file work.pdb (PDB, C-alpha atoms and all ligand atoms)
ATOM      1  CA  ARG A   1      13.620 -17.000 -43.271
ATOM      2  CA  ARG A   2      13.029 -16.721 -47.000
ATOM      3  CA  ARG A   3      10.181 -14.847 -48.583
ATOM      4  CA  ALA A   4       9.968 -17.146 -51.574
ATOM      5  CA  ASP A   5       7.689 -19.542 -49.658
ATOM      6  CA  ARG A   6       5.254 -16.798 -48.824
ATOM      7  CA  TRP A   7       4.961 -15.777 -52.443
ATOM      8  CA  ALA A   8       4.512 -19.334 -53.511
ATOM      9  CA  ARG A   9       1.215 -19.014 -51.650
ATOM     10  CA  ARG A  10       0.557 -15.400 -52.575
ATOM     11  CA  PRO A  11       1.848 -14.982 -56.107
ATOM     12  CA  PRO A  12       2.736 -11.384 -56.959
ATOM     13  CA  LEU A  13       0.815 -11.203 -60.202
ATOM     14  CA  GLU A  14      -2.470 -12.259 -58.681
ATOM     15  CA  SER A  15      -3.204  -8.756 -57.445
ATOM     16  CA  ALA A  16      -0.804  -6.646 -59.472
ATOM     17  CA  GLY A  17      -2.667  -4.010 -61.394
ATOM     18  CA  MET A  18      -5.643  -4.215 -59.085
ATOM     19  CA  GLY A  19      -6.326  -1.290 -56.796
ATOM     20  CA  LYS A  20      -4.975  -1.527 -53.281
ATOM     21  CA  LEU A  21      -4.612   0.630 -50.202
ATOM     22  CA  ALA A  22      -1.286   0.854 -48.402
ATOM     23  CA  ALA A  23      -1.532   2.165 -44.861
ATOM     24  CA  SER A  24       1.629   4.060 -43.979
ATOM     25  CA  ILE A  25       2.280   3.745 -40.266
ATOM     26  CA  LEU A  26       4.583   6.756 -40.143
ATOM     27  CA  SER A  27       1.836   8.859 -38.594
ATOM     28  CA  ALA A  28       0.255   6.081 -36.538
ATOM     29  CA  ASP A  29       0.634   5.901 -32.774
ATOM     30  CA  LEU A  30       3.769   3.779 -32.814
ATOM     31  CA  ALA A  31       3.535   3.010 -29.109
ATOM     32  CA  HIS A  32       0.422   1.004 -30.002
ATOM     33  CA  LEU A  33       1.457  -0.201 -33.387
ATOM     34  CA  ALA A  34      -0.217  -3.601 -33.392
ATOM     35  CA  ASP A  35      -3.569  -1.988 -32.547
ATOM     36  CA  GLU A  36      -3.106   0.688 -35.187
ATOM     37  CA  VAL A  37      -2.425  -1.976 -37.813
ATOM     38  CA  LYS A  38      -5.383  -4.119 -36.726
ATOM     39  CA  LEU A  39      -7.666  -1.104 -37.129
ATOM     40  CA  VAL A  40      -6.932  -0.749 -40.826
ATOM     41  CA  GLU A  41      -6.331  -4.403 -41.700
ATOM     42  CA  PRO A  42      -9.844  -4.956 -43.086
ATOM     43  CA  TYR A  43      -9.124  -2.313 -45.736
ATOM     44  CA  ALA A  44      -5.365  -2.126 -46.207
ATOM     45  CA  ASP A  45      -3.749  -4.787 -48.384
ATOM     46  CA  ILE A  46      -0.323  -3.407 -47.627
ATOM     47  CA  ILE A  47       1.376  -1.952 -44.573
ATOM     48  CA  HIS A  48       3.842   0.679 -45.766
ATOM     49  CA  VAL A  49       6.923   1.098 -43.598
ATOM     50  CA  ASP A  50       9.010   4.231 -44.155
ATOM     51  CA  ILE A  51      12.668   3.601 -43.453
ATOM     52  CA  MET A  52      14.879   6.688 -43.245
ATOM     53  CA  ASP A  53      18.570   7.022 -42.544
ATOM     54  CA  GLY A  54      18.973  10.684 -41.599
ATOM     55  CA  HIS A  55      21.117  11.163 -44.675
ATOM     56  CA  PHE A  56      19.133  10.523 -47.846
ATOM     57  CA  VAL A  57      16.387  12.339 -45.963
ATOM     58  CA  PRO A  58      16.904  14.316 -42.741
ATOM     59  CA  PRO A  59      14.789  12.187 -40.359
ATOM     60  CA  ILE A  60      15.749   8.801 -38.940
ATOM     61  CA  ALA A  61      12.871   6.349 -38.794
ATOM     62  CA  LEU A  62      11.659   2.757 -38.666
ATOM     63  CA  GLY A  63      14.397   0.227 -39.382
ATOM     64  CA  THR A  64      14.861  -3.526 -39.461
ATOM     65  CA  VAL A  65      14.006  -4.193 -35.818
ATOM     66  CA  PHE A  66      10.757  -2.390 -36.414
ATOM     67  CA  VAL A  67       9.874  -4.655 -39.352
ATOM     68  CA  ALA A  68      10.756  -7.698 -37.244
ATOM     69  CA  SER A  69       8.424  -6.533 -34.453
ATOM     70  CA  LEU A  70       5.621  -5.842 -36.867
ATOM     71  CA  ARG A  71       5.884  -9.112 -38.813
ATOM     72  CA  PRO A  72       4.093 -11.393 -36.327
ATOM     73  CA  CYS A  73       1.317  -8.801 -35.864
ATOM     74  CA  THR A  74      -0.093  -8.948 -39.377
ATOM     75  CA  ASP A  75      -0.358 -11.135 -42.442
ATOM     76  CA  ARG A  76      -0.665  -8.103 -44.684
ATOM     77  CA  VAL A  77       2.070  -7.415 -47.213
ATOM     78  CA  LEU A  78       4.869  -5.445 -45.561
ATOM     79  CA  HIS A  79       6.319  -2.926 -47.974
ATOM     80  CA  GLY A  80       9.493  -1.117 -47.001
ATOM     81  CA  HIS A  81      10.058   2.302 -48.526
ATOM     82  CA  LEU A  82      13.775   2.837 -48.155
ATOM     83  CA  MET A  83      14.755   6.478 -48.035
ATOM     84  CA  VAL A  84      18.373   5.617 -47.442
ATOM     85  CA  ASP A  85      21.724   5.825 -49.167
ATOM     86  CA  ALA A  86      23.158   2.474 -50.275
ATOM     87  CA  PRO A  87      19.849   0.629 -49.781
ATOM     88  CA  GLU A  88      21.281  -2.723 -50.971
ATOM     89  CA  ALA A  89      23.243  -2.996 -47.750
ATOM     90  CA  SER A  90      19.994  -3.565 -45.829
ATOM     91  CA  PHE A  91      18.130  -5.942 -48.154
ATOM     92  CA  GLU A  92      19.310  -9.177 -46.595
ATOM     93  CA  GLU A  93      18.443  -8.219 -43.040
ATOM     94  CA  LEU A  94      15.109  -6.677 -44.063
ATOM     95  CA  ALA A  95      14.159  -9.888 -45.864
ATOM     96  CA  ASP A  96      15.142 -11.892 -42.801
ATOM     97  CA  ALA A  97      13.011  -9.568 -40.672
ATOM     98  CA  GLY A  98      10.021 -10.479 -42.838
ATOM     99  CA  LEU A  99       9.723  -7.657 -45.352
ATOM    100  CA  ASP A 100       7.811  -8.732 -48.478
ATOM    101  CA  VAL A 101       8.438  -5.862 -50.879
ATOM    102  CA  VAL A 102      11.328  -3.439 -50.882
ATOM    103  CA  SER A 103      11.372  -0.120 -52.719
ATOM    104  CA  PHE A 104      14.465   2.021 -52.966
ATOM    105  CA  HIS A 105      14.977   5.450 -54.442
ATOM    106  CA  HIS A 106      16.402   5.729 -57.919
ATOM    107  CA  GLU A 107      18.234   8.809 -56.647
ATOM    108  CA  ALA A 108      20.023   6.724 -53.999
ATOM    109  CA  VAL A 109      21.714   4.273 -56.336
ATOM    110  CA  GLY A 110      23.996   4.735 -59.328
ATOM    111  CA  ASP A 111      22.464   1.872 -61.266
ATOM    112  CA  PRO A 112      19.132   0.391 -60.139
ATOM    113  CA  GLU A 113      19.709  -2.916 -61.920
ATOM    114  CA  PRO A 114      22.083  -4.584 -59.418
ATOM    115  CA  ALA A 115      19.923  -3.348 -56.547
ATOM    116  CA  ILE A 116      16.813  -4.860 -58.134
ATOM    117  CA  ALA A 117      18.657  -8.141 -58.679
ATOM    118  CA  LYS A 118      19.909  -8.138 -55.106
ATOM    119  CA  ALA A 119      16.424  -7.489 -53.722
ATOM    120  CA  ARG A 120      15.058 -10.386 -55.738
ATOM    121  CA  ALA A 121      17.860 -12.658 -54.648
ATOM    122  CA  THR A 122      16.667 -12.198 -51.060
ATOM    123  CA  GLY A 123      13.181 -13.374 -52.091
ATOM    124  CA  MET A 124      11.534  -9.970 -51.829
ATOM    125  CA  ARG A 125       9.582  -8.230 -54.544
ATOM    126  CA  ALA A 126      11.329  -5.105 -55.767
ATOM    127  CA  GLY A 127      10.302  -1.566 -56.516
ATOM    128  CA  VAL A 128      11.847   1.674 -57.654
ATOM    129  CA  THR A 129      10.743   5.013 -56.225
ATOM    130  CA  LEU A 130      11.138   8.392 -57.891
ATOM    131  CA  ASN A 131      11.223  11.820 -56.341
ATOM    132  CA  LEU A 132       9.200  14.543 -58.031
ATOM    133  CA  GLU A 133      12.371  16.074 -59.507
ATOM    134  CA  THR A 134      13.452  12.875 -61.260
ATOM    135  CA  PRO A 135      12.018  12.414 -64.759
ATOM    136  CA  VAL A 136       9.531   9.551 -64.720
ATOM    137  CA  GLU A 137      11.269   8.114 -67.782
ATOM    138  CA  ALA A 138      14.245   7.292 -65.563
ATOM    139  CA  ALA A 139      12.353   4.197 -64.429
ATOM    140  CA  PHE A 140      11.342   3.018 -67.894
ATOM    141  CA  PRO A 141      14.475   0.929 -68.571
ATOM    142  CA  TYR A 142      13.675  -1.165 -65.482
ATOM    143  CA  LEU A 143       9.922  -1.635 -65.782
ATOM    144  CA  GLU A 144      10.297  -5.260 -66.862
ATOM    145  CA  GLU A 145      12.460  -5.913 -63.816
ATOM    146  CA  ILE A 146      10.263  -4.469 -61.072
ATOM    147  CA  ASP A 147       6.951  -5.203 -59.376
ATOM    148  CA  ASP A 148       6.286  -1.690 -58.249
ATOM    149  CA  LEU A 149       6.932   1.861 -59.374
ATOM    150  CA  MET A 150       6.308   4.396 -56.651
ATOM    151  CA  LEU A 151       5.963   8.065 -57.496
ATOM    152  CA  MET A 152       6.425  10.535 -54.689
ATOM    153  CA  SER A 153       3.842  13.301 -54.480
ATOM    154  CA  ILE A 154       5.671  15.075 -51.646
ATOM    155  CA  HIS A 155       9.276  15.567 -50.653
ATOM    156  CA  PRO A 156      10.139  12.383 -48.767
ATOM    157  CA  GLY A 157      10.866  12.457 -45.072
ATOM    158  CA  TRP A 158       7.674  13.570 -43.377
ATOM    159  CA  SER A 159       4.006  12.715 -43.401
ATOM    160  CA  GLY A 160       1.340  15.375 -43.318
ATOM    161  CA  GLN A 161       2.508  17.356 -46.353
ATOM    162  CA  GLU A 162       0.204  18.409 -49.154
ATOM    163  CA  LEU A 163       0.128  16.403 -52.382
ATOM    164  CA  ASN A 164       1.919  18.111 -55.270
ATOM    165  CA  PRO A 165      -0.347  17.885 -58.359
ATOM    166  CA  ASP A 166       2.721  17.567 -60.614
ATOM    167  CA  VAL A 167       2.490  13.891 -59.760
ATOM    168  CA  TYR A 168      -0.664  13.332 -61.836
ATOM    169  CA  PRO A 169       0.876  13.690 -65.313
ATOM    170  CA  ARG A 170       3.776  11.581 -64.066
ATOM    171  CA  ILE A 171       1.384   8.796 -63.066
ATOM    172  CA  GLU A 172      -0.319   9.103 -66.446
ATOM    173  CA  ALA A 173       2.995   8.777 -68.275
ATOM    174  CA  ALA A 174       3.987   5.747 -66.223
ATOM    175  CA  ARG A 175       0.575   4.138 -66.685
ATOM    176  CA  GLU A 176       0.728   4.639 -70.441
ATOM    177  CA  GLU A 177       4.148   3.002 -70.644
ATOM    178  CA  VAL A 178       3.246   0.106 -68.341
ATOM    179  CA  ASP A 179       0.077  -0.596 -70.331
ATOM    180  CA  ARG A 180       1.818  -0.184 -73.680
ATOM    181  CA  ARG A 181       4.227  -2.935 -72.667
ATOM    182  CA  GLY A 182       1.457  -5.029 -71.126
ATOM    183  CA  LEU A 183       3.175  -5.204 -67.748
ATOM    184  CA  ALA A 184       1.596  -5.933 -64.376
ATOM    185  CA  VAL A 185       3.699  -3.386 -62.500
ATOM    186  CA  ASP A 186       1.889  -1.602 -59.714
ATOM    187  CA  ILE A 187       2.025   2.179 -59.827
ATOM    188  CA  GLU A 188       1.937   3.730 -56.384
ATOM    189  CA  ILE A 189       1.457   7.281 -55.276
ATOM    190  CA  ASP A 190       3.020   8.250 -51.946
ATOM    191  CA  GLY A 191       2.394  11.500 -50.147
ATOM    192  CA  GLY A 192      -0.578  13.645 -49.241
ATOM    193  CA  VAL A 193      -3.182  11.158 -50.450
ATOM    194  CA  LYS A 194      -6.550  11.868 -48.867
ATOM    195  CA  VAL A 195     -10.123  10.778 -49.503
ATOM    196  CA  GLU A 196     -10.620  14.075 -51.363
ATOM    197  CA  ASN A 197      -7.833  13.632 -53.930
ATOM    198  CA  ALA A 198      -7.524   9.848 -54.182
ATOM    199  CA  GLN A 199      -9.872   9.439 -57.142
ATOM    200  CA  ARG A 200      -7.752  11.814 -59.210
ATOM    201  CA  ALA A 201      -4.693   9.610 -58.577
ATOM    202  CA  VAL A 202      -6.612   6.474 -59.498
ATOM    203  CA  ASP A 203      -7.964   8.134 -62.640
ATOM    204  CA  ALA A 204      -4.390   8.971 -63.623
ATOM    205  CA  GLY A 205      -3.532   5.287 -63.344
ATOM    206  CA  ALA A 206      -2.286   4.637 -59.823
ATOM    207  CA  THR A 207      -3.081   1.149 -58.538
ATOM    208  CA  VAL A 208      -1.758   1.595 -55.009
ATOM    209  CA  LEU A 209      -2.638   4.519 -52.775
ATOM    210  CA  VAL A 210      -0.249   5.100 -49.888
ATOM    211  CA  SER A 211      -1.699   7.099 -47.037
ATOM    212  CA  ALA A 212      -0.400   7.939 -43.578
ATOM    213  CA  SER A 213      -2.036  11.104 -42.256
ATOM    214  CA  GLY A 214      -5.040  10.544 -44.551
ATOM    215  CA  ILE A 215      -5.806   7.534 -42.356
ATOM    216  CA  TYR A 216      -4.094   7.942 -39.008
ATOM    217  CA  GLN A 217      -4.764  11.646 -38.533
ATOM    218  CA  ALA A 218      -8.359  11.403 -39.753
ATOM    219  CA  PRO A 219     -11.115  11.860 -37.157
ATOM    220  CA  ASP A 220     -12.263   8.303 -37.919
ATOM    221  CA  LYS A 221      -9.306   6.172 -38.991
ATOM    222  CA  VAL A 222     -11.340   3.130 -39.921
ATOM    223  CA  GLU A 223     -13.772   5.134 -42.020
ATOM    224  CA  ALA A 224     -10.903   6.917 -43.785
ATOM    225  CA  ALA A 225      -9.254   3.580 -44.574
ATOM    226  CA  ARG A 226     -12.547   2.182 -45.818
ATOM    227  CA  ALA A 227     -13.195   5.170 -48.071
ATOM    228  CA  LEU A 228      -9.655   5.157 -49.484
ATOM    229  CA  ALA A 229      -9.786   1.409 -50.111
ATOM    230  CA  GLU A 230     -13.094   1.803 -51.894
ATOM    231  CA  ILE A 231     -11.615   4.418 -54.213
ATOM    232  CA  ALA A 232      -8.492   2.323 -54.813
ATOM    233  CA  THR A 233     -10.335  -0.902 -55.554
ATOM    234  CA  ARG A 234     -13.048   0.695 -57.654
ATOM    235  CA  GLY A 235     -10.309   1.742 -60.037
ATOM    236  CA  ARG A 236     -10.547   3.874 -63.111
ATOM    237  CA  PRO A 237     -13.928   4.466 -64.722
ATOM    238  CA  THR A 238     -12.726   2.922 -67.987
ATOM    239  CA  GLN A 239     -11.847  -0.335 -66.263
ATOM    240  CA  PRO A 240     -14.426  -3.084 -65.903
ATOM    241  CA  ALA A 241     -16.257  -2.558 -62.628
ATOM    242  CA  SER A 242     -15.163  -4.825 -59.789
ATOM    243  CA  ASP A 243     -17.812  -6.656 -57.821
ATOM    244  CA  GLY A 244     -17.203  -4.294 -54.914
ATOM    245  CA  THR A 245     -16.686  -7.039 -52.335
ATOM    246  CA  ARG A 246     -13.644  -7.069 -50.087
TER     247      ARG A 246
HETATM  248  C1  LIG B   1       7.166  10.251 -46.492
HETATM  249  C2  LIG B   1       6.704   8.851 -46.650
HETATM  250  C3  LIG B   1       5.257   8.674 -46.837
HETATM  251  C4  LIG B   1       4.437   9.230 -45.709
HETATM  252  C5  LIG B   1       3.132   9.675 -46.278
HETATM  253  O1  LIG B   1       8.505  10.310 -46.782
HETATM  254  O2  LIG B   1       7.310   8.246 -47.751
HETATM  255  O3  LIG B   1       4.975   7.301 -46.982
HETATM  256  O4  LIG B   1       4.237   8.282 -44.701
HETATM  257  O5  LIG B   1       2.490  10.453 -45.342
HETATM  258  P1  LIG B   1       1.171  11.246 -45.755
HETATM  259  O6  LIG B   1       0.224  10.243 -46.322
HETATM  260  O7  LIG B   1       0.722  11.836 -44.460
HETATM  261  O8  LIG B   1       1.577  12.265 -46.748
HETATM  262 ZN    ZN B   2       6.648   6.166 -47.971
END

call {"tool": "encode", "arguments": {"input": "work.pdb", "output": "structure tokens", "more": "lines below"}}
Ligand code: DX5
Ligand code: ZN
result
Amino acid sequence: RRRADRWARRPPLESAGMGKLAASILSADLAHLADEVKLVEPYADIIHVDIMDGHFVPPIALGTVFVASLRPCTDRVLHGHLMVDAPEASFEELADAGLDVVSFHHEAVGDPEPAIAKARATGMRAGVTLNLETPVEAAFPYLEEIDDLMLMSIHPGWSGQELNPDVYPRIEAAREEVDRRGLAVDIEIDGGVKVENAQRAVDAGATVLVSASGIYQAPDKVEAARALAEIATRGRPTQPASDGTR
């Protein structure tokens, strides 16, 4: 199965740069995954799937078979966040499983360029992710090549950690560079995003808010998703106001 057909119907640039919520299922009740996804579908444009190999990060989590099980349950964009060494080795089977967007860590590859090309060759959209310790400028040579730049605001591996505010100036720097070049690259923040801090991330220039515990550990998951989506889609104050409909 090739993703190219899907994107012929849902072109990537149509929504790039517009605010979106990505629900990260890492802290959902995975025994009832389809239900957990349905709950947030009215508000989440993207379902974020954390894939971990026990080596790049200590935990092992959510691989290809998981994506394949999830695919028929939702028509939302499935975004794989690969926290694995040698991510290219999995692109083909992840694309076949129905993944739409694949992000890999800059720290996991010697040269991102071949990995980006390989991801695209499978029909997926491609993204680069940076840990907090990696200078944000490390992604600048590849901005023209990618659809998505994801900036970690925690140490990858676990949900439920607190957002590190060092991410804000990093988002600002990325936003400035993306805008300066007139690109439609999405800038995502991943880790510790909650209703209380989401506006700050959007103000800094993030267009995609990833949230796991902020949704799935909230007392009211649907309300948390709604509130986060509202913040994401409302965007920055300097941007023209959206019509507020979803
Ligand atoms: C952690 C993952 C995150 C995680 C976020 O390595 O990349 O996507 O699910 O969890 P919260 O939103 O709880 O910090
Ligand atoms: Zn993630």

call {"tool": "closest_atom_pairs", "arguments": {"input": "work.pdb", "of": "chain A", "to": "ligand ZN 2 (chain B)", "cutoff": "9 Å", "atoms": "all atoms listed in the file", "output": "tab-separated table"}}
result
residue	atom	partner	partner_atom	distance
A:Ser24	CA	B:ZN2	ZN	6.7
A:Leu26	CA	B:ZN2	ZN	8.1
A:His48	CA	B:ZN2	ZN	6.5
A:Val49	CA	B:ZN2	ZN	6.7
A:Asp50	CA	B:ZN2	ZN	4.9
A:Ile51	CA	B:ZN2	ZN	8.0
A:Gly80	CA	B:ZN2	ZN	7.9
A:His81	CA	B:ZN2	ZN	5.2
A:Leu82	CA	B:ZN2	ZN	7.9
A:Met83	CA	B:ZN2	ZN	8.1
A:Met150	CA	B:ZN2	ZN	8.9
A:Met152	CA	B:ZN2	ZN	8.0
A:Pro156	CA	B:ZN2	ZN	7.2
A:Gly157	CA	B:ZN2	ZN	8.1
A:Trp158	CA	B:ZN2	ZN	8.8
A:Ser159	CA	B:ZN2	ZN	8.4
A:Asp190	CA	B:ZN2	ZN	5.8
A:Gly191	CA	B:ZN2	ZN	7.2
A:Val210	CA	B:ZN2	ZN	7.2
A:Ser211	CA	B:ZN2	ZN	8.5
A:Ala212	CA	B:ZN2	ZN	8.5

call {"tool": "closest_residue", "arguments": {"input": "work.pdb", "among": "A:Pro141, A:Pro237, A:Gly19, A:Pro59", "to": "ligand LIG 1 (chain B)", "atoms": "all atoms listed in the file"}}
result
A:Pro59

call {"tool": "closest_residue", "arguments": {"input": "work.pdb", "among": "A:Gly182, A:Ala225, A:Ser153, A:Tyr216", "to": "Glu36 (chain A)", "atoms": "all atoms listed in the file"}}
result
A:Tyr216

call {"tool": "resolve_selection", "arguments": {"input": "work.pdb", "expression": "the PyMOL selection byres (((chain A and resi 104-116) around 10) and not hetatm)", "output": "VMD selection string"}}
result
chain A and resid 51 56 80 to 89 91 102 to 103 117 to 121 124 to 131 133 to 134 138 to 139 141 to 142 145 to 147 149 to 152

call {"tool": "residues_around", "arguments": {"input": "work.pdb", "residues": "Ala44 (chain A)", "least_positions_apart": "5", "cutoff": "8 Å", "atoms": "all atoms listed in the file", "output": "number ranges by chain"}}
result
A: 20-23, 76, 225, 229

call {"tool": "residues_near_point", "arguments": {"input": "work.pdb", "point": "(2.9, 13.4, -59.5)", "cutoff": "9 Å", "atoms": "all atoms listed in the file", "output": "NGL selection string"}}
result
:A and (132 or 151-154 or 163-172 or 189 or 201)

call {"tool": "closest_residue", "arguments": {"input": "work.pdb", "among": "A:Gly235, A:Pro219, A:Pro42, A:Gly214", "to": "Val202 (chain A)", "atoms": "all atoms listed in the file"}}
result
A:Gly235
